[in-house]
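Novice: After the structure tokens below, expect a handful of questions from me.
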Amino acid sequence: LSNILFTQELQRRADASGNTWLKTVVLHPGAVGTDLGRNLVGEEKWNELKNGGEVPPLQMAFLNILNRFVKTVEDGASTQVFLAAEPGSATKAAFYTDLKPQKIQKFAKDETAAKQLWAKSEELSGVSFELK
């Protein structure tokens, strides 16, 4: 949600400053089969799973089922690659999944919340970002 709000606010600011050429987008790659799972199960357990160590049958069945629903790293990167390679076909301030813009719910277009997030981001980072 924060990424969508931030993207919406950046696009508003770009347009208001006359930088209408700028297109901001946000995306979700989906569930991707990466090594990030090690943060869920711990480094030692992850290495054991990855290197074919003994895994209880129920846990192995669960992992096999889970693997049917996750994307490969290549498939997970496809939307980022598409948007970078074809910026002309991107929709301003859109939220993308699987190469397509998705409907953004009203609460994720809340201008007041986006402005508050922007202000808090500047406050916490100590960086003021002005488009010229």
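Order determines the names: the first chain of the structure tokens is A, the second B, and so forth; residues in each chain are numbered 1 upward, and ligands are numbered 1 upward as they are shown.
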For A:Phe6, list every protein, DNA or RNA residue within 7 Å, evaluated using only C-alpha atoms, and leave out those in the same chain fewer than 6 positions away; present the list as a ChimeraX atom specification.
Specialist: /A:114,117-118
Novice: From a backbone DSSP assignment, name each residue in chain A labelled alpha helix (DSSP H), as a ChimeraX atom specification.
Specialist: /A:2-16,38-41,43-50,57-67,73-85,111-125
Novice: What's around A:Gln59 at 12 Å? Count only C-alpha atoms, leave out sequence neighbours fewer than 6 positions away in its own chain, and write the answer as a list in words.
Specialist: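 That gives Val41, Lys45, Leu49, Ile65 and Leu66 of chain A.
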Novice: Would you mind exporting the chosen residues as a CSV table (one decimal), in the first residue's frame, restricted to all heavy atoms?
Specialist:
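So result-v7.csv came out as:
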```csv
chain,number,residue,atom,x,y,z
A,41,VAL,N,12.6,-19.7,7.7
A,41,VAL,CA,12.9,-21.0,8.3
A,41,VAL,C,14.3,-21.0,9.0
A,41,VAL,O,14.6,-21.9,9.8
A,41,VAL,CB,12.8,-22.2,7.4
A,41,VAL,CG1,11.4,-22.3,6.8
A,41,VAL,CG2,13.8,-22.0,6.2
A,45,LYS,N,18.3,-24.4,8.6
A,45,LYS,CA,17.3,-25.2,8.0
A,45,LYS,C,17.2,-25.0,6.5
A,45,LYS,O,17.0,-26.0,5.8
A,45,LYS,CB,15.9,-24.9,8.7
A,45,LYS,CG,14.8,-25.7,8.3
A,45,LYS,CD,14.9,-27.1,8.7
A,45,LYS,CE,13.6,-27.9,8.5
A,45,LYS,NZ,13.8,-29.3,8.8
A,49,LEU,N,17.4,-27.9,3.7
A,49,LEU,CA,16.4,-28.2,2.6
A,49,LEU,C,17.0,-28.1,1.2
A,49,LEU,O,16.7,-28.9,0.4
A,49,LEU,CB,15.3,-27.1,2.8
A,49,LEU,CG,14.4,-27.3,4.0
A,49,LEU,CD1,13.5,-26.0,4.1
A,49,LEU,CD2,13.5,-28.5,3.9
A,65,ILE,N,3.9,-28.9,-2.8
A,65,ILE,CA,2.7,-28.2,-3.2
A,65,ILE,C,2.9,-26.7,-3.4
A,65,ILE,O,2.5,-26.1,-4.3
A,65,ILE,CB,1.6,-28.4,-2.1
A,65,ILE,CG1,1.1,-29.9,-2.2
A,65,ILE,CG2,0.4,-27.5,-2.4
A,65,ILE,CD1,0.3,-30.3,-1.1
A,66,LEU,N,3.7,-26.1,-2.4
A,66,LEU,CA,4.0,-24.7,-2.5
A,66,LEU,C,4.7,-24.3,-3.8
A,66,LEU,O,4.4,-23.3,-4.4
A,66,LEU,CB,4.8,-24.3,-1.3
A,66,LEU,CG,5.1,-22.8,-1.1
A,66,LEU,CD1,3.9,-22.0,-1.0
A,66,LEU,CD2,6.1,-22.6,0.1
```
Novice: Write out, as JSON lines, each residue of stretch 81-120 of chain A that has an atom at most 6 Å from stretch 24-34 of chain A, together with the closest pair of atoms and their distance in Å to one decimal, counting only C-alpha atoms, rows going by chain and rising number.
Specialist:
```
{"residue": "A:Lys92", "atom": "CA", "partner": "A:Thr24", "partner_atom": "CA", "distance": 5.7}
{"residue": "A:Ala93", "atom": "CA", "partner": "A:Val25", "partner_atom": "CA", "distance": 4.9}
{"residue": "A:Ala94", "atom": "CA", "partner": "A:Val25", "partner_atom": "CA", "distance": 5.1}
{"residue": "A:Phe95", "atom": "CA", "partner": "A:Val26", "partner_atom": "CA", "distance": 4.9}
{"residue": "A:Tyr96", "atom": "CA", "partner": "A:Leu27", "partner_atom": "CA", "distance": 4.5}
{"residue": "A:Thr97", "atom": "CA", "partner": "A:His28", "partner_atom": "CA", "distance": 5.5}
```
Novice: So that I have them on file, write out the residues from the current selection with C-alpha atoms, as a PDB file, in the first residue's frame.
Specialist:
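Output saved as part_7.pdb:
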```
ATOM      1  CA  LYS A  92       1.169   6.661 -15.383  1.00  0.00           C
ATOM      2  CA  ALA A  93       0.906   5.867 -11.660  1.00  0.00           C
ATOM      3  CA  ALA A  94      -0.353   2.359 -12.407  1.00  0.00           C
ATOM      4  CA  PHE A  95       0.006  -0.784 -10.315  1.00  0.00           C
ATOM      5  CA  TYR A  96       1.205  -3.742 -12.383  1.00  0.00           C
ATOM      6  CA  THR A  97       1.124  -7.477 -11.936  1.00  0.00           C
TER       7      THR A  97
END
```
Novice: Could you work out how far atom CA of A:Leu1 lies from atom CA of A:Glu111, giving the answer in Å with one decimal?
Specialist: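 Result for atom CA of A:Glu111 versus atom CA of A:Leu1: 12.8 Å, one decimal.
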Novice: Just list the residues in chain A DSSP gives strand (DSSP E or B) on the backbone, as a PyMOL selection string.
Specialist: chain A and resi 25-27+32+71+94-97+100-102
Novice: With N, CA and C atoms retained, write the just-selected residues as a PDB file, in the first residue's frame.
Specialist:
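Listing of selection.pdb after writing:
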```pdb
ATOM      1  N   VAL A  25       5.509   4.010 -11.902  1.00  0.00           N
ATOM      2  CA  VAL A  25       4.718   2.788 -11.805  1.00  0.00           C
ATOM      3  C   VAL A  25       5.159   2.015 -10.571  1.00  0.00           C
ATOM      4  N   VAL A  26       4.294   1.150 -10.125  1.00  0.00           N
ATOM      5  CA  VAL A  26       4.598   0.281  -9.003  1.00  0.00           C
ATOM      6  C   VAL A  26       4.137  -1.116  -9.410  1.00  0.00           C
ATOM      7  N   LEU A  27       4.803  -2.130  -8.893  1.00  0.00           N
ATOM      8  CA  LEU A  27       4.428  -3.479  -9.296  1.00  0.00           C
ATOM      9  C   LEU A  27       4.594  -4.472  -8.161  1.00  0.00           C
ATOM     10  N   VAL A  32       7.513 -15.514  -5.726  1.00  0.00           N
ATOM     11  CA  VAL A  32       8.650 -15.940  -6.544  1.00  0.00           C
ATOM     12  C   VAL A  32       9.527 -16.870  -5.717  1.00  0.00           C
ATOM     13  N   LYS A  71       6.395 -18.511  -8.803  1.00  0.00           N
ATOM     14  CA  LYS A  71       6.990 -18.252 -10.102  1.00  0.00           C
ATOM     15  C   LYS A  71       8.494 -18.502 -10.044  1.00  0.00           C
ATOM     16  N   ALA A  94       0.386   3.619 -12.419  1.00  0.00           N
ATOM     17  CA  ALA A  94      -0.353   2.359 -12.407  1.00  0.00           C
ATOM     18  C   ALA A  94       0.330   1.327 -11.517  1.00  0.00           C
ATOM     19  N   PHE A  95      -0.461   0.370 -11.091  1.00  0.00           N
ATOM     20  CA  PHE A  95       0.006  -0.784 -10.315  1.00  0.00           C
ATOM     21  C   PHE A  95      -0.045  -1.997 -11.236  1.00  0.00           C
ATOM     22  N   TYR A  96       1.095  -2.631 -11.439  1.00  0.00           N
ATOM     23  CA  TYR A  96       1.205  -3.742 -12.383  1.00  0.00           C
ATOM     24  C   TYR A  96       1.423  -5.083 -11.689  1.00  0.00           C
ATOM     25  N   THR A  97       0.797  -6.086 -12.232  1.00  0.00           N
ATOM     26  CA  THR A  97       1.124  -7.477 -11.936  1.00  0.00           C
ATOM     27  C   THR A  97       1.001  -8.234 -13.253  1.00  0.00           C
ATOM     28  N   LYS A 100       0.436  -6.422 -16.610  1.00  0.00           N
ATOM     29  CA  LYS A 100      -0.783  -5.657 -16.858  1.00  0.00           C
ATOM     30  C   LYS A 100      -1.084  -4.705 -15.700  1.00  0.00           C
ATOM     31  N   PRO A 101      -1.598  -3.509 -16.057  1.00  0.00           N
ATOM     32  CA  PRO A 101      -2.036  -2.616 -14.979  1.00  0.00           C
ATOM     33  C   PRO A 101      -3.281  -3.188 -14.310  1.00  0.00           C
ATOM     34  N   GLN A 102      -3.345  -3.017 -12.999  1.00  0.00           N
ATOM     35  CA  GLN A 102      -4.466  -3.530 -12.218  1.00  0.00           C
ATOM     36  C   GLN A 102      -5.310  -2.370 -11.697  1.00  0.00           C
TER      37      GLN A 102
END
```
Novice: Have a look at A:Ser128, A:Ala61, A:Asp98, A:Ser121 and name the one nearest to A:Ser78; count only C-alpha atoms.
Specialist: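 Closest residue, counting only C-alpha atoms: A:Asp98.
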Novice: Within 12 Å of A:Arg13, counting only C-alpha atoms, which residues show up once you throw out same-chain ones fewer than 3 positions away? Write them as JSON, numbers by chain, please.
Specialist: {"A": [6, 7, 8, 9, 10, 16, 17, 18, 19, 20, 22, 23, 24, 93, 111, 114, 115, 118, 129, 130, 131, 132]}
